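Source file: coords-v5.cif; contents: mmCIF, C-alpha atoms and all ligand atoms.
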```
data_final
loop_
_atom_site.label_atom_id
_atom_site.label_comp_id
_atom_site.auth_asym_id
_atom_site.auth_seq_id
_atom_site.Cartn_x
_atom_site.Cartn_y
_atom_site.Cartn_z
CA MET A 1184 167.79 -45.00 222.47
CA PRO A 1185 171.16 -46.52 223.30
CA ASN A 1186 171.36 -50.09 224.47
CA ALA A 1187 174.43 -51.73 225.87
CA LEU A 1188 172.79 -55.11 225.59
CA ILE A 1189 171.62 -55.91 222.09
CA LEU A 1190 169.61 -58.96 221.10
CA GLY A 1191 170.94 -60.73 218.02
CA LYS A 1192 168.95 -61.00 214.79
CA PHE A 1193 167.89 -64.62 215.24
CA SER A 1194 166.91 -65.72 218.71
CA LEU A 1195 165.10 -68.68 220.19
CA GLY A 1196 163.12 -68.61 223.39
CA MET A 1197 163.43 -72.03 224.99
CA GLY A 1198 161.31 -72.53 228.04
CA ASP A 1199 162.08 -75.43 230.30
CA ARG A 1200 159.44 -76.15 232.93
CA PHE A 1201 161.74 -78.16 235.23
CA ALA A 1202 165.08 -76.51 234.45
CA ARG A 1203 166.81 -79.80 233.62
CA GLN A 1204 167.22 -79.51 229.82
CA GLY A 1205 169.42 -76.44 229.50
CA ARG A 1206 172.35 -78.35 228.00
CA ALA A 1207 170.16 -80.36 225.62
CA GLN A 1208 168.48 -77.14 224.48
CA LEU A 1209 171.73 -75.27 224.04
CA ALA A 1210 173.05 -78.18 221.98
CA ALA A 1211 170.42 -77.31 219.34
CA CYS A 1212 171.83 -73.76 219.08
CA GLN A 1213 175.31 -75.26 218.82
CA MET A 1214 174.12 -77.34 215.87
CA ALA A 1215 172.88 -74.16 214.17
CA ALA A 1216 176.21 -72.45 214.90
CA ALA A 1217 178.02 -75.40 213.34
CA ARG A 1218 176.05 -74.64 210.18
CA GLY A 1219 177.10 -71.01 210.31
CA VAL A 1220 173.91 -69.48 211.73
CA GLU A 1221 173.90 -67.76 215.10
CA VAL A 1222 170.67 -68.42 216.95
CA VAL A 1223 170.83 -66.71 220.33
CA PRO A 1224 169.46 -68.92 223.11
CA VAL A 1225 167.06 -67.24 225.52
CA TRP A 1226 165.75 -69.21 228.49
CA ASN A 1227 162.26 -67.98 229.24
CA LYS A 1228 159.88 -68.83 232.05
CA SER A 1229 156.67 -67.03 232.84
CA ASN A 1230 155.40 -66.14 236.27
CA ARG A 1231 152.51 -68.56 235.66
CA GLU A 1232 154.95 -71.43 235.04
CA HIS A 1233 156.93 -70.56 238.17
CA LEU A 1234 153.73 -70.57 240.22
CA ILE A 1235 152.55 -73.92 238.85
CA VAL A 1236 155.95 -75.59 239.20
CA GLY A 1237 156.83 -73.85 242.47
CA SER A 1238 160.16 -72.52 241.21
CA GLU A 1239 162.05 -69.24 241.59
CA PRO A 1240 163.35 -67.04 238.75
CA LEU A 1241 166.92 -67.54 239.98
CA SER A 1242 166.67 -71.22 238.96
CA VAL A 1243 166.43 -70.17 235.31
CA ARG A 1244 169.59 -68.08 235.59
CA SER A 1245 171.42 -70.97 237.27
CA GLU A 1246 170.31 -73.38 234.57
CA ALA A 1247 171.38 -71.06 231.75
CA ASP A 1248 174.76 -70.27 233.31
CA SER A 1249 175.58 -73.89 234.00
CA ALA A 1250 174.52 -75.06 230.53
CA VAL A 1251 176.66 -72.35 228.94
CA ALA A 1252 179.63 -73.31 231.10
CA ALA A 1253 179.20 -77.03 230.50
CA LEU A 1254 179.02 -76.71 226.73
CA GLY A 1255 181.58 -73.93 226.39
CA TRP A 1256 179.15 -71.58 224.68
CA HIS A 1257 180.97 -68.32 224.07
CA SER A 1258 178.24 -66.36 222.30
CA ALA A 1259 175.41 -64.35 223.77
CA TYR A 1260 172.57 -65.88 225.79
CA HIS A 1261 169.81 -64.39 227.89
CA VAL A 1262 167.31 -65.12 230.65
CA ASP A 1263 163.79 -63.86 229.94
CA ALA A 1264 161.33 -62.90 232.67
CA ASP A 1265 158.42 -63.92 230.51
CA HIS A 1266 154.98 -62.32 230.81
CA ILE A 1267 155.65 -60.23 233.88
CA ASN A 1268 153.72 -57.20 235.04
CA LEU A 1269 154.03 -54.54 237.72
CA ASN A 1270 152.79 -56.94 240.41
CA THR A 1271 155.10 -59.82 239.54
CA VAL A 1272 158.30 -58.29 238.18
CA ASP A 1273 160.29 -57.70 241.37
CA ARG A 1274 161.66 -61.19 242.05
CA PHE A 1275 162.73 -61.43 238.38
CA ILE A 1276 164.80 -58.25 238.29
CA ALA A 1277 168.13 -59.54 239.59
CA PRO A 1278 168.38 -62.89 237.76
CA SER A 1279 166.97 -61.81 234.36
CA ASP A 1280 168.42 -59.67 231.56
CA PHE A 1281 165.42 -59.89 229.23
CA PHE A 1282 161.96 -58.78 230.32
CA THR A 1283 158.69 -59.46 228.56
CA LEU A 1284 156.32 -56.75 229.73
CA ASP A 1285 152.84 -58.25 229.44
CA VAL A 1286 150.24 -55.53 229.16
CA ALA A 1287 147.51 -57.49 227.38
CA ALA A 1288 145.21 -57.15 230.38
CA ALA A 1289 145.36 -53.35 230.07
CA ILE A 1290 144.25 -53.28 226.42
CA GLY A 1291 140.98 -51.44 225.94
CA ARG A 1292 141.16 -49.55 229.21
CA THR A 1293 140.68 -45.96 228.21
CA ALA A 1294 143.62 -43.65 228.52
CA ASP A 1295 143.34 -40.22 230.05
CA MET A 1296 141.55 -37.93 227.56
CA SER A 1297 144.26 -35.27 227.56
CA ALA A 1298 146.94 -37.93 226.98
CA LEU A 1299 144.92 -39.11 224.00
CA ASP A 1300 144.61 -35.56 222.67
CA ASP A 1301 148.37 -35.04 223.10
CA PHE A 1302 149.12 -38.29 221.32
CA VAL A 1303 147.02 -37.42 218.27
CA ALA A 1304 148.38 -33.87 218.22
CA ARG A 1305 151.93 -35.24 218.22
CA HIS A 1306 151.50 -38.10 215.77
CA GLY A 1307 148.68 -36.99 213.44
CA ASP A 1308 148.28 -39.76 210.89
CA CYS A 1309 151.62 -41.46 211.78
CA GLY A 1310 152.89 -40.51 208.34
CA GLY A 1311 149.84 -41.95 206.64
CA ALA A 1312 151.28 -45.48 206.50
CA PHE A 1313 148.68 -48.25 206.16
CA SER A 1314 146.11 -45.55 205.19
CA LEU A 1315 146.13 -44.23 208.74
CA THR A 1316 144.28 -40.97 209.38
CA PRO A 1317 144.27 -38.90 212.58
CA ALA A 1318 140.84 -40.35 213.36
CA LYS A 1319 142.10 -43.92 212.96
CA VAL A 1320 145.18 -43.11 215.02
CA ARG A 1321 142.89 -41.81 217.75
CA THR A 1322 140.77 -44.98 217.68
CA ALA A 1323 143.85 -47.20 217.95
CA ALA A 1324 145.39 -45.03 220.66
CA ALA A 1325 142.15 -45.15 222.65
CA LYS A 1326 142.49 -48.92 222.65
CA TYR A 1327 146.23 -49.27 223.32
CA LEU A 1328 147.65 -46.10 224.88
CA HIS A 1329 146.77 -47.08 228.43
CA ALA A 1330 148.40 -50.49 227.94
CA VAL A 1331 151.60 -48.93 226.60
CA GLN A 1332 151.68 -46.48 229.51
CA GLU A 1333 151.49 -49.51 231.80
CA ALA A 1334 154.44 -51.03 229.91
CA GLY A 1335 156.27 -47.75 230.58
CA ARG A 1336 155.66 -48.10 234.31
CA ILE A 1337 157.00 -51.66 234.33
CA TYR A 1338 159.99 -50.66 232.19
CA ARG A 1339 160.92 -47.80 234.51
CA ARG A 1340 160.64 -50.04 237.56
CA ILE A 1341 163.20 -52.42 236.03
CA GLU A 1342 165.39 -49.62 234.70
CA SER A 1343 165.55 -47.82 238.03
CA SER A 1344 166.70 -51.03 239.67
CA ARG A 1345 169.09 -52.44 237.04
CA GLY A 1346 170.19 -49.30 235.19
CA PRO A 1347 169.48 -48.38 231.57
CA GLY A 1348 170.92 -50.46 228.74
CA THR A 1349 171.54 -53.49 230.94
CA PHE A 1350 168.60 -55.55 229.75
CA ILE A 1351 166.50 -56.39 226.72
CA THR A 1352 162.90 -55.27 226.67
CA GLU A 1353 160.00 -56.98 224.95
CA VAL A 1354 156.44 -55.70 225.01
CA SER A 1355 153.82 -58.43 224.69
CA MET A 1356 150.16 -58.13 223.85
CA ASP A 1357 149.63 -61.66 222.58
CA GLU A 1358 147.50 -63.08 225.37
CA THR A 1359 144.30 -61.39 224.34
CA ASP A 1360 141.33 -62.30 222.15
CA LEU A 1361 141.58 -59.86 219.27
CA PRO A 1362 144.66 -59.65 217.03
CA GLN A 1363 146.41 -56.33 216.50
CA THR A 1364 146.46 -55.21 212.89
CA PRO A 1365 149.66 -53.79 211.32
CA ASP A 1366 148.32 -50.20 211.42
CA GLU A 1367 147.50 -50.64 215.11
CA LEU A 1368 151.01 -52.01 215.62
CA LEU A 1369 152.48 -48.80 214.20
CA VAL A 1370 150.40 -46.71 216.62
CA ILE A 1371 151.47 -48.98 219.50
CA LEU A 1372 155.12 -48.55 218.52
CA ALA A 1373 154.73 -44.75 218.38
CA ALA A 1374 153.36 -44.91 221.90
CA ILE A 1375 156.20 -47.20 223.03
CA ALA A 1376 158.70 -44.64 221.71
CA ASP A 1377 156.81 -41.85 223.54
CA GLU A 1378 157.15 -43.84 226.76
CA GLY A 1379 160.90 -44.09 226.21
CA ILE A 1380 160.84 -47.88 226.15
CA PRO A 1381 163.80 -49.15 224.07
CA ALA A 1382 161.87 -52.22 222.93
CA GLN A 1383 163.92 -54.76 220.99
CA THR A 1384 161.08 -57.20 220.47
CA ILE A 1385 157.34 -56.81 220.23
CA ALA A 1386 154.88 -59.68 220.53
CA PRO A 1387 151.54 -58.81 219.01
CA LYS A 1388 148.61 -61.17 218.88
CA PHE A 1389 148.67 -62.47 215.34
CA THR A 1390 145.65 -63.53 213.36
CA GLY A 1391 144.58 -67.17 213.83
CA ARG A 1392 144.60 -69.53 216.80
CA PHE A 1393 147.80 -70.37 218.68
CA ASN A 1394 146.66 -73.36 220.70
CA LYS A 1395 149.09 -74.85 223.17
CA GLY A 1396 151.30 -77.63 221.89
CA VAL A 1397 149.72 -78.06 218.47
CA ASP A 1398 149.88 -76.45 215.06
CA TYR A 1399 148.52 -73.08 213.94
CA VAL A 1400 144.80 -72.94 213.14
CA GLY A 1401 143.91 -70.18 210.70
CA ASP A 1402 144.49 -68.69 207.29
CA VAL A 1403 148.21 -69.08 206.62
CA ALA A 1404 148.13 -66.72 203.60
CA GLN A 1405 146.51 -64.00 205.69
CA PHE A 1406 149.05 -64.61 208.47
CA GLU A 1407 151.87 -64.20 205.95
CA ARG A 1408 150.48 -60.91 204.61
CA GLU A 1409 150.03 -59.51 208.10
CA PHE A 1410 153.41 -60.74 209.27
CA ASN A 1411 155.09 -58.91 206.38
CA ASP A 1412 153.02 -55.80 207.08
CA ASP A 1413 154.02 -56.00 210.75
CA ILE A 1414 157.67 -56.05 209.67
CA ALA A 1415 156.99 -52.97 207.53
CA ALA A 1416 155.31 -51.26 210.50
CA ILE A 1417 158.38 -51.98 212.64
CA ARG A 1418 160.71 -50.58 210.00
CA THR A 1419 158.61 -47.41 209.77
CA ALA A 1420 158.58 -47.06 213.56
CA VAL A 1421 162.35 -47.50 213.84
CA GLU A 1422 162.94 -44.74 211.27
CA ARG A 1423 160.19 -42.40 212.41
CA TYR A 1424 160.32 -42.77 216.17
CA GLY A 1425 163.92 -43.75 216.85
CA LEU A 1426 163.21 -47.15 218.34
CA PRO A 1427 166.19 -49.56 218.46
CA ALA A 1428 167.36 -50.56 214.98
CA ASN A 1429 167.23 -54.26 215.90
CA LEU A 1430 163.55 -54.13 216.94
CA LYS A 1431 161.86 -57.28 215.65
CA LEU A 1432 158.77 -59.42 216.02
CA SER A 1433 158.53 -61.98 218.77
CA VAL A 1434 156.36 -64.96 217.98
CA HIS A 1435 154.93 -66.59 221.09
CA SER A 1436 154.31 -69.92 219.51
CA GLY A 1437 152.58 -71.78 222.35
CA SER A 1438 154.92 -74.49 221.08
CA ASP A 1439 154.88 -75.78 217.56
CA LYS A 1440 153.31 -73.58 214.88
CA PHE A 1441 154.84 -75.56 212.04
CA SER A 1442 152.48 -74.46 209.26
CA ILE A 1443 153.45 -70.79 209.63
CA TYR A 1444 157.19 -71.42 209.97
CA PRO A 1445 157.77 -71.35 206.17
CA ALA A 1446 155.92 -68.00 205.99
CA ILE A 1447 158.09 -66.59 208.78
CA ALA A 1448 161.25 -67.87 207.08
CA ARG A 1449 160.20 -66.35 203.74
CA ALA A 1450 159.40 -63.00 205.34
CA MET A 1451 162.79 -62.88 207.06
CA LYS A 1452 164.55 -63.76 203.83
CA SER A 1453 162.74 -61.21 201.69
CA THR A 1454 162.90 -58.32 204.20
CA GLY A 1455 166.15 -59.03 206.02
CA ALA A 1456 164.28 -58.85 209.33
CA GLY A 1457 165.11 -61.03 212.28
CA VAL A 1458 162.70 -62.79 214.60
CA HIS A 1459 162.48 -64.02 218.16
CA LEU A 1460 160.73 -67.37 218.27
CA LYS A 1461 159.47 -68.23 221.73
CA THR A 1462 158.73 -71.82 222.70
CA ALA A 1463 158.25 -73.40 226.10
CA GLY A 1464 156.04 -76.46 226.59
CA THR A 1465 157.47 -78.28 223.60
CA THR A 1466 160.52 -79.23 225.70
CA TRP A 1467 158.49 -80.69 228.56
CA LEU A 1468 156.65 -82.91 226.07
CA GLU A 1469 159.99 -84.16 224.76
CA GLU A 1470 160.87 -85.11 228.33
CA LEU A 1471 157.79 -87.34 228.39
CA ILE A 1472 158.68 -88.84 225.01
CA GLY A 1473 162.22 -89.48 226.23
CA LEU A 1474 160.95 -91.14 229.41
CA ALA A 1475 158.63 -93.34 227.36
CA GLU A 1476 161.38 -94.30 224.92
CA ALA A 1477 163.66 -95.25 227.79
CA GLY A 1478 161.15 -98.03 228.58
CA GLY A 1479 160.83 -99.72 231.97
CA ALA A 1480 160.35 -97.31 234.85
CA GLY A 1481 160.57 -94.30 232.52
CA LEU A 1482 157.68 -95.57 230.42
CA ALA A 1483 155.71 -96.41 233.55
CA LEU A 1484 156.13 -92.87 234.83
CA ALA A 1485 155.12 -91.38 231.46
CA ARG A 1486 151.94 -93.51 231.57
CA GLU A 1487 151.28 -92.40 235.13
CA VAL A 1488 151.60 -88.73 234.14
CA TYR A 1489 148.96 -89.29 231.47
CA ALA A 1490 146.60 -91.09 233.84
CA GLU A 1491 146.88 -88.26 236.37
CA ALA A 1492 146.45 -85.59 233.72
CA PHE A 1493 143.39 -87.44 232.42
CA ALA A 1494 141.90 -87.63 235.91
CA HIS A 1495 142.48 -83.91 236.55
CA SER A 1496 141.96 -82.59 233.05
CA GLU A 1497 139.38 -79.95 234.01
CA GLU A 1498 141.60 -78.40 236.65
CA LEU A 1499 144.69 -78.53 234.42
CA CYS A 1500 142.94 -77.03 231.41
CA ALA A 1501 141.21 -74.18 233.26
CA PRO A 1502 144.14 -71.68 233.23
CA TYR A 1503 144.62 -72.34 229.52
CA ALA A 1504 140.96 -72.53 228.47
CA THR A 1505 141.24 -69.94 225.70
CA VAL A 1506 144.31 -71.51 224.11
CA ILE A 1507 143.45 -75.19 223.97
CA ASP A 1508 140.92 -77.09 221.93
CA ILE A 1509 140.60 -80.62 223.27
CA ASP A 1510 137.93 -83.07 222.15
CA THR A 1511 137.68 -85.23 225.27
CA ALA A 1512 136.08 -88.02 223.24
CA ARG A 1513 139.40 -88.34 221.40
CA LEU A 1514 141.45 -88.78 224.58
CA PRO A 1515 142.47 -92.42 225.14
CA GLN A 1516 141.45 -94.01 228.43
CA PRO A 1517 144.36 -94.43 230.88
CA SER A 1518 143.76 -98.19 230.81
CA GLU A 1519 144.49 -98.09 227.10
CA VAL A 1520 147.63 -95.98 227.54
CA ASN A 1521 148.81 -98.33 230.28
CA ALA A 1522 148.97 -101.05 227.64
CA TRP A 1523 150.96 -98.90 225.19
CA THR A 1524 154.52 -99.73 224.19
CA ALA A 1525 157.21 -97.05 224.26
CA ALA A 1526 156.70 -96.52 220.53
CA ASP A 1527 152.91 -96.23 220.92
CA TYR A 1528 153.35 -93.52 223.54
CA ALA A 1529 156.01 -91.62 221.58
CA ASN A 1530 154.03 -91.81 218.33
CA ALA A 1531 150.84 -90.49 219.94
CA LEU A 1532 152.65 -87.58 221.60
CA ARG A 1533 155.45 -86.60 219.23
CA HIS A 1534 154.43 -83.70 217.00
CA ASP A 1535 154.66 -85.51 213.66
CA GLN A 1536 151.45 -84.79 211.82
CA SER A 1537 152.33 -87.34 209.14
CA CYS A 1538 152.20 -90.12 211.74
CA PRO A 1539 148.71 -91.72 211.83
CA ALA A 1540 149.05 -92.39 215.56
CA PHE A 1541 149.68 -88.72 216.43
CA ASN A 1542 146.94 -87.50 218.80
CA PRO A 1543 146.69 -83.69 219.15
CA HIS A 1544 144.13 -83.99 221.95
CA LEU A 1545 146.45 -86.06 224.09
CA ARG A 1546 149.29 -83.70 223.21
CA GLN A 1547 147.38 -80.61 224.32
CA LEU A 1548 146.30 -82.23 227.57
CA LEU A 1549 149.86 -83.25 228.41
CA HIS A 1550 151.12 -79.82 227.32
CA VAL A 1551 149.10 -78.17 230.08
CA GLY A 1552 149.55 -81.15 232.41
CA TYR A 1553 153.02 -80.34 233.73
CA LYS A 1554 151.56 -79.65 237.16
CA VAL A 1555 151.22 -83.43 237.50
CA ALA A 1556 154.97 -83.86 237.12
CA ALA A 1557 155.59 -80.87 239.41
CA LYS A 1558 153.58 -82.63 242.11
CA MET A 1559 155.65 -85.80 241.68
CA GLY A 1560 158.66 -83.68 242.64
CA ALA A 1561 161.89 -85.61 243.11
CA ARG A 1562 160.38 -88.80 241.72
CA TYR A 1563 159.92 -87.08 238.35
CA LEU A 1564 163.27 -85.26 238.41
CA ASP A 1565 165.18 -88.39 239.40
CA MET A 1566 163.61 -90.29 236.52
CA LEU A 1567 164.67 -87.51 234.13
CA ALA A 1568 168.24 -87.99 235.33
CA GLU A 1569 167.98 -91.76 235.00
CA CYS A 1570 166.68 -91.48 231.42
CA GLU A 1571 168.92 -88.56 230.50
CA GLU A 1572 170.22 -89.99 227.23
CA SER A 1573 166.84 -90.51 225.55
CA VAL A 1574 165.34 -87.34 227.07
CA ALA A 1575 168.23 -85.11 225.94
CA ARG A 1576 168.29 -86.67 222.48
CA ASN A 1577 164.60 -85.88 221.98
CA VAL A 1578 164.86 -82.35 223.40
CA THR A 1579 167.77 -81.43 221.13
CA GLU A 1580 166.35 -83.08 218.03
CA ASN A 1581 162.98 -81.38 218.49
CA LEU A 1582 164.39 -77.87 218.88
CA PHE A 1583 166.87 -78.26 216.06
CA ALA A 1584 164.95 -80.21 213.42
CA ARG A 1585 161.41 -78.98 214.00
CA HIS A 1586 162.08 -75.37 215.01
CA ILE A 1587 165.56 -73.99 214.22
CA GLN A 1588 165.90 -75.66 210.84
CA ARG A 1589 162.45 -74.65 209.66
CA VAL A 1590 162.65 -71.03 210.79
CA PHE A 1591 166.31 -70.02 210.80
CA LEU A 1592 168.00 -72.43 208.40
CA ALA A 1593 165.27 -72.74 205.77
ZN ZN B 1601 153.09 -65.24 225.16
#
```

As structure tokens, how would this structure be written, given the file I've shared?
Amino acid sequence: MPNALILGKFSLGMGDRFARQGRAQLAACQMAAARGVEVVPVWNKSNREHLIVGSEPLSVRSEADSAVAALGWHSAYHVDADHINLNTVDRFIAPSDFFTLDVAAAIGRTADMSALDDFVARHGDCGGAFSLTPAKVRTAAAKYLHAVQEAGRIYRRIESSRGPGTFITEVSMDETDLPQTPDELLVILAAIADEGIPAQTIAPKFTGRFNKGVDYVGDVAQFEREFNDDIAAIRTAVERYGLPANLKLSVHSGSDKFSIYPAIARAMKSTGAGVHLKTAGTTWLEELIGLAEAGGAGLALAREVYAEAFAHSEELCAPYATVIDIDTARLPQPSEVNAWTAADYANALRHDQSCPAFNPHLRQLLHVGYKVAAKMGARYLDMLAECEESVARNVTENLFARHIQRVFLA
């Protein structure tokens, strides 16, 4: 499956809710390049984020292009239409060159019986990897074949509009309750090849909880075993089914999954595999930290965002209910936060688990609370511009020191 556009081995998805931090984000990739490691920047924004913020996909392309021009970045970069489906893809087609086909909602819907029969007749036991048998292949296909066929429909819609080989394709199944096991992943990849989707990244749901804005919750040793098995499944699928040679895992981190980063780094080192690490909300939280650290009006606005998020927490949390875990008793009262210094605010929010003042409940609430800032509109954006130095410093430092260094430079 030929691709004109090939995603590099190491790539970083960097979402930016308000499209103001492109240069600060790209600076983190420049720091990696200065150390001899190419980390390809990919600006991602999901349809859900666009709806909440009220933005258009073209704004992500404009942000990426202008950051690249401003910093003189001469290497590859991409714009990812994140978590799109057949109903939402159209307005993303022109400005994006990376598409994350989200078919999680179609998992478990039964495929046509004759398609299932054909699949098992064609693939048998998928070579017997992971102790697969034709019966197990059938069970997995019954669960995932319909979803992969849906991915095929989305892929062909984009391909017919843009032309083959002009974009990078990711298939994502991460936003679902049950993780996909490595043997299921192999069956999914066989089906992706059958559909003719030249997937370069695949985002399964991994074992454990990936709550928004905070660390991984789960068995890190089990994650590491499965992550390595997933890499083996990908290698098998590339050889057996002719999928693109650079096909790799995409980790939708929901921000900062620091405790699994060493496992990911080890797996890449021992197997030679690459990875796409997708982040988004972590940058918006650094904006708040930067506003707070600027003091004065910046700090006042950061406090106001918290007070509003606190007042509307139910509404803000609802779309993210399955991926947050907030103990409301641990949320400070806005009156308390209004008395905080810049350092108090930054210490409570910044994702430094060694800091006694760090509050993961506050962090999760603010992570999903960006609608508050969206509603402030120009008042919020103007304050970002006013506090640009401290905001940019925090955005760059976070992406480089907490993400790039731990995953790609470890
Ligand atoms: Zn995702």

Query - Residues within 12 Å of ligand ZN 1601 (chain B), counting only C-alpha atoms and all ligand atoms, as a ChimeraX atom specification - result: /A:1196,1198,1227-1232,1263-1267,1283-1287,1353-1359,1385-1389,1393-1395,1433-1438,1459-1464,1503,1506

Query - Neighbour list for Ala1568 in chain A as a VMD selection string, cut-off 10 Å, all atoms listed in the file, skip fewer than 5 positions in-chain - result: chain A and resid 1203 1474 1563 1574 to 1575

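Near Ala1531 in chain A, within 10 Å and counting only C-alpha atoms, sit Ile1472, Val1520, Trp1523, Ala1526, Asp1527, Asp1535, Gln1536, Cys1538, Pro1539, Ala1540, Phe1541, Asn1542, Pro1543, His1544, Leu1545 and Arg1546 of chain A; same-chain residues fewer than 4 positions away were not included.
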
Query - Who sits within 12 Å of His1495 in chain A, all atoms listed in the file, same chain under 2 positions skipped, as number ranges by chain - result: A: 1488-1493, 1497-1501, 1548-1549, 1551-1555

Please reconstruct the missing atoms of range 1547-1563 of chain A (target: N, CA and C atoms) and return them as a PDB file, in the coordinates of the input.
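Now in rebuild.pdb:
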```
ATOM      1  N   GLN A1547     147.768 -81.849 223.641  1.00  0.00           N
ATOM      2  CA  GLN A1547     147.380 -80.610 224.320  1.00  0.00           C
ATOM      3  C   GLN A1547     147.161 -80.834 225.814  1.00  0.00           C
ATOM      4  N   LEU A1548     146.532 -81.963 226.150  1.00  0.00           N
ATOM      5  CA  LEU A1548     146.300 -82.230 227.570  1.00  0.00           C
ATOM      6  C   LEU A1548     147.625 -82.349 228.324  1.00  0.00           C
ATOM      7  N   LEU A1549     148.564 -83.105 227.736  1.00  0.00           N
ATOM      8  CA  LEU A1549     149.860 -83.250 228.410  1.00  0.00           C
ATOM      9  C   LEU A1549     150.623 -81.926 228.412  1.00  0.00           C
ATOM     10  N   HIS A1550     150.431 -81.121 227.370  1.00  0.00           N
ATOM     11  CA  HIS A1550     151.120 -79.820 227.320  1.00  0.00           C
ATOM     12  C   HIS A1550     150.789 -78.976 228.547  1.00  0.00           C
ATOM     13  N   VAL A1551     149.504 -78.978 228.910  1.00  0.00           N
ATOM     14  CA  VAL A1551     149.100 -78.170 230.080  1.00  0.00           C
ATOM     15  C   VAL A1551     149.154 -78.992 231.368  1.00  0.00           C
ATOM     16  N   GLY A1552     149.598 -80.254 231.257  1.00  0.00           N
ATOM     17  CA  GLY A1552     149.550 -81.150 232.410  1.00  0.00           C
ATOM     18  C   GLY A1552     150.830 -81.219 233.223  1.00  0.00           C
ATOM     19  N   TYR A1553     151.714 -80.233 233.055  1.00  0.00           N
ATOM     20  CA  TYR A1553     153.020 -80.340 233.730  1.00  0.00           C
ATOM     21  C   TYR A1553     152.918 -80.210 235.247  1.00  0.00           C
ATOM     22  N   LYS A1554     151.759 -79.712 235.708  1.00  0.00           N
ATOM     23  CA  LYS A1554     151.560 -79.650 237.160  1.00  0.00           C
ATOM     24  C   LYS A1554     151.610 -81.040 237.789  1.00  0.00           C
ATOM     25  N   VAL A1555     151.176 -82.043 237.018  1.00  0.00           N
ATOM     26  CA  VAL A1555     151.220 -83.430 237.500  1.00  0.00           C
ATOM     27  C   VAL A1555     152.652 -83.825 237.824  1.00  0.00           C
ATOM     28  N   ALA A1556     153.555 -83.521 236.896  1.00  0.00           N
ATOM     29  CA  ALA A1556     154.970 -83.860 237.120  1.00  0.00           C
ATOM     30  C   ALA A1556     155.547 -83.007 238.254  1.00  0.00           C
ATOM     31  N   ALA A1557     155.110 -81.737 238.321  1.00  0.00           N
ATOM     32  CA  ALA A1557     155.590 -80.870 239.410  1.00  0.00           C
ATOM     33  C   ALA A1557     155.233 -81.466 240.758  1.00  0.00           C
ATOM     34  N   LYS A1558     154.022 -82.040 240.839  1.00  0.00           N
ATOM     35  CA  LYS A1558     153.580 -82.630 242.110  1.00  0.00           C
ATOM     36  C   LYS A1558     154.362 -83.889 242.454  1.00  0.00           C
ATOM     37  N   MET A1559     154.845 -84.597 241.421  1.00  0.00           N
ATOM     38  CA  MET A1559     155.650 -85.800 241.680  1.00  0.00           C
ATOM     39  C   MET A1559     157.000 -85.424 242.276  1.00  0.00           C
ATOM     40  N   GLY A1560     157.427 -84.184 242.030  1.00  0.00           N
ATOM     41  CA  GLY A1560     158.660 -83.680 242.640  1.00  0.00           C
ATOM     42  C   GLY A1560     159.881 -84.512 242.278  1.00  0.00           C
ATOM     43  N   ALA A1561     160.608 -84.919 243.316  1.00  0.00           N
ATOM     44  CA  ALA A1561     161.890 -85.610 243.110  1.00  0.00           C
ATOM     45  C   ALA A1561     161.737 -86.895 242.307  1.00  0.00           C
ATOM     46  N   ARG A1562     160.589 -87.544 242.449  1.00  0.00           N
ATOM     47  CA  ARG A1562     160.380 -88.800 241.720  1.00  0.00           C
ATOM     48  C   ARG A1562     160.468 -88.537 240.211  1.00  0.00           C
ATOM     49  N   TYR A1563     159.869 -87.426 239.768  1.00  0.00           N
ATOM     50  CA  TYR A1563     159.920 -87.080 238.350  1.00  0.00           C
ATOM     51  C   TYR A1563     161.341 -86.650 237.946  1.00  0.00           C
TER      52      TYR A1563
END
```
